[in-house]
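*Asks:* Next up is a structure, given as structure tokens.
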Amino acid sequence: MKTYEQINKRIESGKAVVMTADEIIDYVEKKGLEQAADQVDVVTTATFGPMCSSGCVLNFGHSKPKIRMTEAWIQDVLVYTGLAAVDVYLGATQLRHGDPANMYHPGEFRYGGGHVIEDLVAGKTLQLFALSYGTDCYPLREIRTYFTINDLNQAIMLNPRNCYQNYNVAVNDSDKTIYTYMGALEPNRKNANYCSAGQLSPLLNDPYYETIGIGTKVWLAGAHGHVYAEGTQHAGGDERTPEGIPKGGAGTLALTADMKQMLPEFVRGVSLRGYGVSLAIGVGIPIPILNVDVLKRTCVRDRDIVAPVVDYSNDYPQNTGKVIGYVSYEQLRSGEIEIEGRKIAVGSLSSYHKALKIANLLADEIRRGDFTLAGPIAALAKDTRSKPLVIREKAS
Amino acid sequence: MSRTITKKLMLFFPKCECEKPIIYHLVKDHNLIVNIYRAKVTPEEEGYLVLDVTGTPRDIEQAMAFVRTFDVSISDTGKGVIRDEVRCTHCGHCITHCPTGALHIGDEATREVLYNEADCIECLACIRVCPFDAFASAF
Ligand code: SF4
Ligand code: SF4
């Protein structure tokens, strides 16, 4: 048994024993759970993949004369101005003004909100254009200027949903290629795409949210941030395997951190042909080894985690809830899965390579004493499900 | 007869050389087997050609000397499909779309996605599907 205080003391004195969620598996196999729980202080988990529910709040400071922005664009990408005078929210999936979208199907979606966020973190100079109706206190009615992230008072990432605990494997049962947020899917189940770091993924290493909850400190693209709320569509009550691993999306996290501290390598705009734009972001979450049970759950392996295979030509869009079958991440990573007797080639949208890099970067930071842990101040719900949107004929 | 080898080349034809039947002479006069992957004449009437040539090292050398007598530049390192190593996140999305295995997972433990240019047939599928804009065509 260890406490957060004890672990943080060891981190501060540079003595903490830290391993990644992938190293810990072999280590526990060698040393046994009891001994390993005694020795290891922290296990680092990570993920890197497209997370559409991402965005940021920016504060521009006041111009002379002042403006209360009512419509604004950064690099021709619309931002939300329904906040205070010079606060805006920039969303990852917003298209650039004039993007033909899917008018010529499949659209290319080369640049949008996610790319603006990438450019911002990369320190590029961006254009702001804003309009206003003008008031006595904010007389300016139009502004065009150029800025970098360093000119902003605040650039705070605010992602309502990151780190899906588990996720679908997408296939296409129709007879034509479809273009989805899970990538291009060829007809008749010719390929399958998945999007999870599997055994490295944060919430798969803490399936019951014992150490990851509201308030938990996280590594968000290199910045030190935290979980500020349960993620949108959090569904801790989703069906689980006997070992407690959710068989569907289940838990999600709302994350925030200061973008000025982020590393550009881990903040990347995404273009999904025929679908739209998004943002891929790297997240690392340390798990304190408080006791044997917490350690045991970090030893989860790809072969123990299953993901639902879903048809994205009909069942997903029509919200039928049908699952074709389940496959393990070990099978997915082999590059080929077998469903109903047929072999299907597998691709991924989430990068295990980058996730591994993040888990190691975070482990190094903790070993150096530069990242101490903060546990949850409130737990995530374990019994909730995600509700559908009911289409009603009239107000009741 | 000496052993044959296969070489992948990219040829660039400035405006003035586009109309000459250079490839015909590679086959007829230099005994080369030619496999063209991709050819394009730009609106500016410059030509690009990516191809494999198979023949004896001597025949290939002589053929290249012949090509160089025109104002054509030959590249046997720079290919028509280029990956920006910094932009690639090694997500692996392109792998199932690559028909030849030119894109593949190297080490199972790190899951780095390797790009073996020699196996690339320039189908351009990876350029279309890469979500991170890591691939580009030279022309
Ligand atoms: S899809 Fe793009 S980013 Fe992903 S591995 Fe292929 S080249 Fe790299
Ligand atoms: S152009 Fe085609 S063959 Fe070459 S790497 Fe890309 S997908 Fe593979």
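Naming works like this for the structure tokens: A, B, ... for the chains as they're shown, residue 1 at the start of each chain, ligands 1 onward in shown order.
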Show me, as a list in words, every residue of chain A with an atom at most 7 Å from chain B, counting only C-alpha atoms.
*Replies:*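 Every residue meeting the condition is included here: Asn191, Gly269, Val270, Ser271, Leu272, Arg273, Ala345, Val346, Gly347, Ser348, Leu349, Ser350, Ser351, Tyr352, His353 and Lys354 of chain A.
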*Asks:* DSSP on the backbone, then: every residue of chain B marked alpha helix (DSSP H), written as a list in words.
*Replies:* Ile22, Ile23, Tyr24, His25, Leu26, Val27, Lys28, Pro57, Arg58, Asp59, Ile60, Glu61, Gln62, Ala63, Met64, Ala65, Phe66, Val67, Arg68, Ala125, Cys126, Ile127, Arg128 and Val129 of chain B
*Asks:* Using only C-alpha atoms, which of the listed residues (A:Ser53, A:Thr45, A:Asn159, A:Thr256) sits closest to Val300 of chain A?
*Replies:*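 Selected residue with least distance to Val300 of chain A: A:Thr45.
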*Asks:* Produce a table with one row for each residue of chain B that has an atom at most 12 Å from any atom of ligand 2, each row naming the nearest atom pair and its distance in Å at one decimal; use only C-alpha atoms and all ligand atoms; arrange rows by chain and rising residue number; format as CSV.
*Replies:*
residue,atom,partner,partner_atom_place_in_ligand_line,distance
B:Tyr37,CA,ligand 2,1 (S),9.8
B:Arg38,CA,ligand 2,1 (S),10.2
B:Val50,CA,ligand 2,1 (S),11.6
B:Lys79,CA,ligand 2,4 (Fe),9.8
B:Gly80,CA,ligand 2,1 (S),8.5
B:Val81,CA,ligand 2,1 (S),6.0
B:Ile82,CA,ligand 2,5 (S),8.5
B:Arg83,CA,ligand 2,5 (S),8.7
B:Gly92,CA,ligand 2,7 (S),11.7
B:His93,CA,ligand 2,7 (S),10.6
B:Cys94,CA,ligand 2,7 (S),6.8
B:Ile95,CA,ligand 2,7 (S),7.5
B:Thr96,CA,ligand 2,7 (S),8.6
B:His97,CA,ligand 2,7 (S),5.8
B:Cys98,CA,ligand 2,7 (S),3.6
B:Pro99,CA,ligand 2,3 (S),5.7
B:Thr100,CA,ligand 2,3 (S),5.6
B:Gly101,CA,ligand 2,8 (Fe),6.6
B:Ala102,CA,ligand 2,8 (Fe),5.2
B:Leu103,CA,ligand 2,5 (S),5.6
B:His104,CA,ligand 2,8 (Fe),9.2
B:Val113,CA,ligand 2,5 (S),11.1
B:Leu114,CA,ligand 2,5 (S),9.8
B:Tyr115,CA,ligand 2,5 (S),6.7
B:Asn116,CA,ligand 2,5 (S),7.5
B:Glu117,CA,ligand 2,5 (S),6.9
B:Ala118,CA,ligand 2,4 (Fe),8.9
B:Asp119,CA,ligand 2,3 (S),6.8
B:Cys120,CA,ligand 2,4 (Fe),3.6
B:Ile121,CA,ligand 2,3 (S),4.4
B:Glu122,CA,ligand 2,1 (S),3.7
B:Cys123,CA,ligand 2,2 (Fe),3.9
B:Leu124,CA,ligand 2,1 (S),3.8
B:Ala125,CA,ligand 2,7 (S),4.4
B:Cys126,CA,ligand 2,6 (Fe),4.2
B:Ile127,CA,ligand 2,6 (Fe),6.6
B:Arg128,CA,ligand 2,7 (S),8.8
B:Val129,CA,ligand 2,7 (S),8.8
B:Cys130,CA,ligand 2,6 (Fe),9.5
B:Ala134,CA,ligand 2,6 (Fe),10.8
B:Phe135,CA,ligand 2,6 (Fe),7.8
B:Ala136,CA,ligand 2,1 (S),9.2
B:Ser137,CA,ligand 2,1 (S),8.6
B:Ala138,CA,ligand 2,1 (S),11.4
*Asks:* What is the distance, in Å and to one decimal place, between atom CA of Gly112 of chain A and atom CA of Val79 of chain A?
*Replies:*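 That distance, rounded to one decimal, is 10.8 Å.
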*Asks:* Residues near segment 61-70 of chain B, anyone? I mean within 10 Å using only C-alpha atoms, not counting same-chain ones fewer than 2 positions away, as number ranges by chain.
*Replies:* B: 11, 13-14, 16-17, 20, 22-23, 25-27, 29-32, 53, 55-59, 72-74
*Asks:* Let me see the file: selected residues, C-alpha atoms, as a CSV table (one decimal), in the first residue's frame.
*Replies:*
chain,number,residue,atom,x,y,z
B,11,LEU,CA,13.0,11.3,-65.5
B,13,PHE,CA,11.7,16.3,-69.4
B,14,PRO,CA,11.8,20.0,-69.9
B,16,CYS,CA,11.5,21.0,-75.5
B,17,GLU,CA,12.2,17.3,-75.0
B,20,LYS,CA,11.0,12.8,-78.6
B,22,ILE,CA,13.2,8.4,-75.9
B,23,ILE,CA,11.5,5.3,-74.3
B,25,HIS,CA,15.0,3.9,-78.1
B,26,LEU,CA,15.5,2.5,-74.6
B,27,VAL,CA,13.7,-0.7,-75.7
B,29,ASP,CA,18.5,0.1,-79.1
B,30,HIS,CA,19.4,-0.7,-75.5
B,31,ASN,CA,17.5,-4.0,-75.0
B,32,LEU,CA,15.8,-2.7,-71.8
B,53,VAL,CA,14.2,-0.5,-66.4
B,55,GLY,CA,18.6,-5.0,-68.4
B,56,THR,CA,22.3,-5.7,-67.9
B,57,PRO,CA,24.2,-3.1,-66.0
B,58,ARG,CA,26.1,-2.2,-69.2
B,59,ASP,CA,22.9,-1.7,-71.2
B,72,VAL,CA,16.5,15.2,-69.5
B,73,SER,CA,17.4,14.9,-65.8
B,74,ILE,CA,17.5,11.4,-64.3
*Asks:* Taking only C-alpha atoms into account, which of A:Asn319, A:Arg297, A:Leu58, A:Arg240 comes nearest Val390 of chain A?
*Replies:*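 Closest to Val390 of chain A of all the choices is A:Asn319.
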